[in-house]
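One file, target.cif, is given below (mmCIF, C-alpha atoms).
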```cif
data_coords
loop_
_atom_site.group_PDB
_atom_site.id
_atom_site.type_symbol
_atom_site.label_atom_id
_atom_site.label_comp_id
_atom_site.auth_asym_id
_atom_site.auth_seq_id
_atom_site.Cartn_x
_atom_site.Cartn_y
_atom_site.Cartn_z
ATOM 1 C CA MET L 68 12.044 7.150 21.748
ATOM 2 C CA ASP L 69 9.425 4.861 20.283
ATOM 3 C CA PHE L 70 10.202 3.614 16.765
ATOM 4 C CA ASN L 71 6.578 4.289 15.741
ATOM 5 C CA ASP L 72 6.953 7.966 16.699
ATOM 6 C CA MET L 73 9.217 8.353 13.670
ATOM 7 C CA HIS L 74 6.578 7.051 11.285
ATOM 8 C CA SER L 75 5.778 9.128 8.194
ATOM 9 C CA LEU L 76 2.253 7.734 7.857
ATOM 10 C CA PRO L 77 -0.419 8.623 10.403
ATOM 11 C CA GLU L 78 -2.053 5.857 12.375
ATOM 12 C CA TRP L 79 -5.355 4.548 11.046
ATOM 13 C CA ASP L 80 -7.294 6.115 13.911
ATOM 14 C CA ASP L 81 -6.213 9.523 12.657
ATOM 15 C CA HIS L 82 -8.467 9.155 9.602
ATOM 16 C CA LYS L 83 -11.383 11.157 10.971
ATOM 17 C CA MET L 84 -12.866 11.465 7.473
ATOM 18 C CA LEU L 85 -14.083 7.870 7.562
ATOM 19 C CA GLN L 86 -15.341 8.127 11.118
ATOM 20 C CA ARG L 87 -17.513 11.122 10.158
ATOM 21 C CA GLN L 88 -18.726 9.479 6.957
ATOM 22 C CA TYR L 89 -20.002 6.331 8.646
ATOM 23 C CA GLU L 90 -21.002 7.868 11.984
ATOM 24 C CA GLY L 91 -23.919 5.979 13.474
ATOM 25 C CA GLU L 92 -23.789 3.292 10.792
ATOM 26 C CA GLU L 93 -20.362 1.814 11.388
ATOM 27 C CA TRP L 94 -21.977 -1.560 12.041
ATOM 28 C CA LYS L 95 -23.046 -1.766 8.378
ATOM 29 C CA VAL L 96 -19.470 -1.595 7.151
ATOM 30 C CA ALA L 97 -17.657 -2.979 10.195
ATOM 31 C CA SER L 98 -16.057 -5.951 8.402
ATOM 32 C CA HIS L 99 -14.916 -3.704 5.553
ATOM 33 C CA LEU L 100 -13.476 -1.096 7.916
ATOM 34 C CA ASP L 101 -11.721 -3.778 9.981
ATOM 35 C CA ALA L 102 -10.175 -5.265 6.849
ATOM 36 C CA THR L 103 -9.210 -1.779 5.682
ATOM 37 C CA LYS L 104 -7.586 -0.947 9.013
ATOM 38 C CA ASN L 105 -5.611 -4.220 8.970
ATOM 39 C CA LEU L 106 -4.461 -3.582 5.407
ATOM 40 C CA TYR L 107 -3.496 0.017 6.147
ATOM 41 C CA ASN L 108 -1.560 -0.957 9.279
ATOM 42 C CA LYS L 109 0.361 -3.619 7.346
ATOM 43 C CA TRP L 110 1.162 -0.954 4.760
ATOM 44 C CA ARG L 111 2.514 1.216 7.568
ATOM 45 C CA ASP L 112 4.882 -1.657 8.450
ATOM 46 C CA ILE L 113 5.984 -2.011 4.835
ATOM 47 C CA PHE L 114 6.393 1.743 4.581
ATOM 48 C CA LEU L 115 8.974 1.680 7.398
ATOM 49 C CA TYR L 116 10.851 -1.217 5.817
ATOM 50 C CA VAL L 117 10.972 0.449 2.413
ATOM 51 C CA GLU L 118 11.806 3.855 3.860
ATOM 52 C CA SER L 119 14.764 2.304 5.681
ATOM 53 C CA TYR L 120 15.793 0.353 2.575
ATOM 54 C CA CYS L 121 15.829 3.527 0.484
ATOM 55 C CA GLU L 122 18.119 5.200 3.009
ATOM 56 C CA THR L 123 20.685 2.440 2.428
ATOM 57 C CA LEU L 124 20.623 2.562 -1.381
ATOM 58 C CA GLN L 125 23.878 3.658 -2.913
ATOM 59 C CA ASN L 126 25.500 3.666 -6.279
ATOM 60 C CA ALA L 127 27.180 0.350 -7.028
ATOM 61 C CA LYS L 128 30.477 -0.169 -8.809
ATOM 62 C CA ASP L 129 28.934 -0.585 -12.264
ATOM 63 C CA TYR L 130 25.605 1.110 -11.595
ATOM 64 C CA ASP L 131 25.111 4.767 -10.798
ATOM 65 C CA HIS L 132 21.339 5.234 -10.934
ATOM 66 C CA ALA L 133 20.374 4.370 -7.361
ATOM 67 C CA GLU L 134 18.827 7.822 -6.868
ATOM 68 C CA LYS L 135 16.533 7.349 -9.867
ATOM 69 C CA ASN L 136 15.469 3.933 -8.575
ATOM 70 C CA LYS L 137 14.899 5.418 -5.134
ATOM 71 C CA GLU L 138 12.560 8.018 -6.670
ATOM 72 C CA LEU L 139 10.562 5.281 -8.415
ATOM 73 C CA ILE L 140 10.320 3.291 -5.190
ATOM 74 C CA TRP L 141 9.129 6.396 -3.320
ATOM 75 C CA GLN L 142 6.486 7.141 -5.961
ATOM 76 C CA ASN L 143 5.011 3.664 -5.618
ATOM 77 C CA LEU L 144 5.297 3.725 -1.838
ATOM 78 C CA PHE L 145 3.372 6.977 -1.384
ATOM 79 C CA ILE L 146 0.401 6.039 -3.586
ATOM 80 C CA VAL L 147 -0.844 2.986 -1.679
ATOM 81 C CA ALA L 148 -2.011 4.488 1.641
ATOM 82 C CA PRO L 149 -4.218 7.188 0.042
ATOM 83 C CA LYS L 150 -5.737 4.561 -2.262
ATOM 84 C CA ILE L 151 -6.594 2.337 0.715
ATOM 85 C CA ILE L 152 -8.269 5.264 2.448
ATOM 86 C CA GLY L 153 -9.939 6.357 -0.791
ATOM 87 C CA ALA L 154 -11.439 2.917 -1.371
ATOM 88 C CA ALA L 155 -12.755 2.842 2.190
ATOM 89 C CA GLY L 156 -14.387 6.209 1.675
ATOM 90 C CA VAL L 157 -16.498 5.336 -1.361
ATOM 91 C CA ALA L 158 -19.469 3.020 -1.680
ATOM 92 C CA ALA L 159 -19.262 2.388 -5.440
ATOM 93 C CA TYR L 160 -17.830 -1.047 -6.230
ATOM 94 C CA VAL L 161 -16.209 0.227 -9.427
ATOM 95 C CA LEU L 162 -14.265 2.906 -7.547
ATOM 96 C CA LYS L 163 -13.201 0.454 -4.851
ATOM 97 C CA MET L 164 -11.939 -1.931 -7.537
ATOM 98 C CA GLU L 165 -10.158 0.882 -9.346
ATOM 99 C CA ASN L 166 -8.283 1.784 -6.162
ATOM 100 C CA ALA L 167 -7.520 -1.885 -5.497
ATOM 101 C CA SER L 168 -6.112 -2.248 -9.003
ATOM 102 C CA ILE L 169 -3.887 0.799 -8.538
ATOM 103 C CA ILE L 170 -2.666 -0.583 -5.199
ATOM 104 C CA ARG L 171 -1.830 -3.949 -6.770
ATOM 105 C CA ASN L 172 0.042 -2.288 -9.621
ATOM 106 C CA ASN L 173 2.056 -0.024 -7.333
ATOM 107 C CA CYS L 174 2.977 -2.893 -5.024
ATOM 108 C CA ARG L 175 4.182 -4.944 -7.982
ATOM 109 C CA GLU L 176 6.212 -2.033 -9.375
ATOM 110 C CA LEU L 177 7.659 -1.257 -5.957
ATOM 111 C CA MET L 178 8.861 -4.846 -5.537
ATOM 112 C CA GLU L 179 10.335 -4.870 -9.037
ATOM 113 C CA GLN L 180 12.352 -1.753 -8.196
ATOM 114 C CA VAL L 181 13.425 -3.080 -4.793
ATOM 115 C CA HIS L 182 14.635 -6.357 -6.304
ATOM 116 C CA PHE L 183 16.288 -4.545 -9.195
ATOM 117 C CA THR L 184 18.306 -2.324 -6.857
ATOM 118 C CA ALA L 185 19.437 -5.440 -4.996
ATOM 119 C CA LEU L 186 20.286 -7.163 -8.294
ATOM 120 C CA VAL L 187 22.554 -4.327 -9.431
ATOM 121 C CA GLY L 188 24.234 -4.081 -6.033
ATOM 122 C CA ALA L 189 22.745 -0.768 -4.930
ATOM 123 C CA GLY L 190 20.704 -2.475 -2.190
ATOM 124 C CA GLU L 191 21.060 -5.506 0.021
ATOM 125 C CA GLU L 192 19.321 -8.718 -1.089
ATOM 126 C CA GLN L 193 18.436 -9.674 2.499
ATOM 127 C CA TYR L 194 16.537 -6.408 2.980
ATOM 128 C CA ALA L 195 14.732 -6.827 -0.334
ATOM 129 C CA ASP L 196 13.725 -10.314 0.801
ATOM 130 C CA ALA L 197 12.445 -8.935 4.123
ATOM 131 C CA ILE L 198 10.318 -6.388 2.254
ATOM 132 C CA GLU L 199 8.987 -9.143 0.005
ATOM 133 C CA ALA L 200 8.030 -11.250 3.034
ATOM 134 C CA GLU L 201 6.029 -8.316 4.422
ATOM 135 C CA MET L 202 4.494 -7.720 0.998
ATOM 136 C CA ASN L 203 3.309 -11.346 0.955
ATOM 137 C CA LYS L 204 1.504 -10.715 4.262
ATOM 138 C CA PHE L 205 0.041 -7.532 2.776
ATOM 139 C CA ARG L 206 -1.167 -9.496 -0.257
ATOM 140 C CA GLU L 207 -3.095 -11.924 1.959
ATOM 141 C CA LEU L 208 -4.732 -9.023 3.832
ATOM 142 C CA PHE L 209 -5.451 -7.386 0.470
ATOM 143 C CA LYS L 210 -7.420 -10.470 -0.651
ATOM 144 C CA VAL L 211 -9.486 -10.381 2.549
ATOM 145 C CA TRP L 212 -10.070 -6.643 2.045
ATOM 146 C CA VAL L 213 -11.232 -7.027 -1.566
ATOM 147 C CA ASP L 214 -13.611 -9.790 -0.473
ATOM 148 C CA THR L 215 -15.441 -7.162 1.622
ATOM 149 C CA PHE L 216 -16.314 -5.112 -1.476
ATOM 150 C CA VAL L 217 -20.001 -5.333 -2.303
ATOM 151 C CA LYS L 218 -20.850 -5.369 -5.975
ATOM 152 C CA ASP L 219 -23.589 -2.863 -6.762
ATOM 153 C CA GLU L 220 -25.833 -1.976 -9.688
ATOM 154 C CA HIS L 221 -23.540 0.726 -11.050
ATOM 155 C CA THR L 222 -21.875 -0.112 -14.337
ATOM 156 C CA ASP L 223 -18.301 0.643 -15.248
ATOM 157 C CA GLU L 224 -18.392 2.878 -18.296
ATOM 158 C CA TRP L 225 -14.940 1.558 -19.216
ATOM 159 C CA GLY L 226 -16.036 -2.078 -18.952
ATOM 160 C CA LEU L 227 -13.239 -3.135 -16.603
ATOM 161 C CA PHE L 228 -14.954 -4.080 -13.353
ATOM 162 C CA VAL L 229 -18.179 -5.740 -14.466
#
```

Would you mind giving the structure from this file in structure tokens?
Amino acid sequence: MDFNDMHSLPEWDDHKMLQRQYEGEEWKVASHLDATKNLYNKWRDIFLYVESYCETLQNAKDYDHAEKNKELIWQNLFIVAPKIIGAAGVAAYVLKMENASIIRNNCRELMEQVHFTALVGAGEEQYADAIEAEMNKFRELFKVWVDTFVKDEHTDEWGLFV
């Protein structure tokens, strides 16, 4: 059995929505779609690490809230992939930046929860460190991805991404 066959997230190529949206004009957004695919695939790697980490979480001697922490980790984990796809599927700079901001926030919160569970003894520090190492790789791909966003003439009615 192939380890990837057990993956909860579909492969990037399964996102037919984007293929239909850009059909015939893929060349215009090729660098953005390549960066998006790389980012998404790295998230798939992180997803497996975190999924495995959550399976090992257990209540520690003086800490009995591992299940609550696991729920918070799962919430952050499941938001990122749809936001990557969502940002790839819109042209508006403001919406791309909004999705990027949500991704950044969820990644930060996820890592805080992962390190907290290790701190209180519900998770293993070495696994938290391995997740952090993958998250650092994701962060570098994230920067490349955001650099492919093209600022447009639309204004942000909230004044955030101007």

For Ala127 in chain L, find every residue with an atom within 12 Å (counting only C-alpha atoms), except residues of its own chain fewer than 4 positions away, and show them as a ChimeraX atom specification. /L:123,131-134,184-191

Between L:Glu192, L:Glu179, L:Arg171, L:Tyr160, which has the minimum distance to Glu220 in chain L (counting only C-alpha atoms)?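 For Glu220 in chain L, the nearest of the given residues is L:Tyr160.
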
Let me know the residues the PyMOL selection byres ((chain L and resi 176) around 12) catches in the file above, as an mmCIF file with C-alpha atoms, in the coordinates of the input.
```
data_model
loop_
_atom_site.group_PDB
_atom_site.id
_atom_site.type_symbol
_atom_site.label_atom_id
_atom_site.label_comp_id
_atom_site.auth_asym_id
_atom_site.auth_seq_id
_atom_site.Cartn_x
_atom_site.Cartn_y
_atom_site.Cartn_z
ATOM 1 C CA ASN L 136 15.469 3.933 -8.575
ATOM 2 C CA LEU L 139 10.562 5.281 -8.415
ATOM 3 C CA ILE L 140 10.320 3.291 -5.190
ATOM 4 C CA TRP L 141 9.129 6.396 -3.320
ATOM 5 C CA GLN L 142 6.486 7.141 -5.961
ATOM 6 C CA ASN L 143 5.011 3.664 -5.618
ATOM 7 C CA LEU L 144 5.297 3.725 -1.838
ATOM 8 C CA ILE L 146 0.401 6.039 -3.586
ATOM 9 C CA VAL L 147 -0.844 2.986 -1.679
ATOM 10 C CA ILE L 169 -3.887 0.799 -8.538
ATOM 11 C CA ILE L 170 -2.666 -0.583 -5.199
ATOM 12 C CA ARG L 171 -1.830 -3.949 -6.770
ATOM 13 C CA ASN L 172 0.042 -2.288 -9.621
ATOM 14 C CA ASN L 173 2.056 -0.024 -7.333
ATOM 15 C CA CYS L 174 2.977 -2.893 -5.024
ATOM 16 C CA ARG L 175 4.182 -4.944 -7.982
ATOM 17 C CA LEU L 177 7.659 -1.257 -5.957
ATOM 18 C CA MET L 178 8.861 -4.846 -5.537
ATOM 19 C CA GLU L 179 10.335 -4.870 -9.037
ATOM 20 C CA GLN L 180 12.352 -1.753 -8.196
ATOM 21 C CA VAL L 181 13.425 -3.080 -4.793
ATOM 22 C CA HIS L 182 14.635 -6.357 -6.304
ATOM 23 C CA PHE L 183 16.288 -4.545 -9.195
ATOM 24 C CA MET L 202 4.494 -7.720 0.998
#
```

Show me, as a JSON list (two decimals) with C-alpha atoms, in the coordinates of the input, the residues that have an atom within 8 Å of Ala159 in chain L when counting only C-alpha atoms, minus same-chain residues fewer than 6 positions from it.
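Okay, selection27.json is ready:
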```json
[["chain", "number", "residue", "atom", "x", "y", "z"],
["L", 218, "LYS", "CA", -20.85, -5.37, -5.98],
["L", 219, "ASP", "CA", -23.59, -2.86, -6.76],
["L", 221, "HIS", "CA", -23.54, 0.73, -11.05]]
```

Nearby residues (all atoms listed in the file) at most 12 Å from Gly226 in chain L, same-chain spacing under 4 positions excluded, as a PyMOL selection string: chain L and resi 161+165+221-222

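Counting from CA of Ile152 in chain L, the distance to CA of Leu124 in chain L is 29.3 Å.
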
Identify all residues satisfying the PyMOL selection byres ((chain L and resi 116-122) around 7) in the given file; provide them as a PDB file with C-alpha atoms, keeping the file's coordinate frame.
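Output file out-v6.pdb follows:
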```pdb
ATOM      1  CA  ASP L 112       4.882  -1.657   8.450  1.00  0.00           C
ATOM      2  CA  ILE L 113       5.984  -2.011   4.835  1.00  0.00           C
ATOM      3  CA  PHE L 114       6.393   1.743   4.581  1.00  0.00           C
ATOM      4  CA  LEU L 115       8.974   1.680   7.398  1.00  0.00           C
ATOM      5  CA  THR L 123      20.685   2.440   2.428  1.00  0.00           C
ATOM      6  CA  LEU L 124      20.623   2.562  -1.381  1.00  0.00           C
ATOM      7  CA  LYS L 137      14.899   5.418  -5.134  1.00  0.00           C
ATOM      8  CA  TYR L 194      16.537  -6.408   2.980  1.00  0.00           C
ATOM      9  CA  ILE L 198      10.318  -6.388   2.254  1.00  0.00           C
TER      10      ILE L 198
END
```

Which neighbours of Gly153 in chain L fall inside 9 Å, counting all atoms listed in the file, when residues of the same chain fewer than 6 positions from it are skipped, and could you give them as a PyMOL selection string? chain L and resi 162-163+166

Around all the atoms of range 222-225 of chain L listed in the file, with 6 Å of room on each side, what axis-aligned box do you get, giving centre and edge lengths in Å to one decimal, as lines of an AutoDock Vina configuration file?
```
center_x = -18.4
center_y = 1.4
center_z = -16.8
size_x = 18.9
size_y = 15.0
size_z = 16.9
```

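From CA of Asn108 in chain L back to CA of Val211 in chain L, the distance works out to 14.0 Å.
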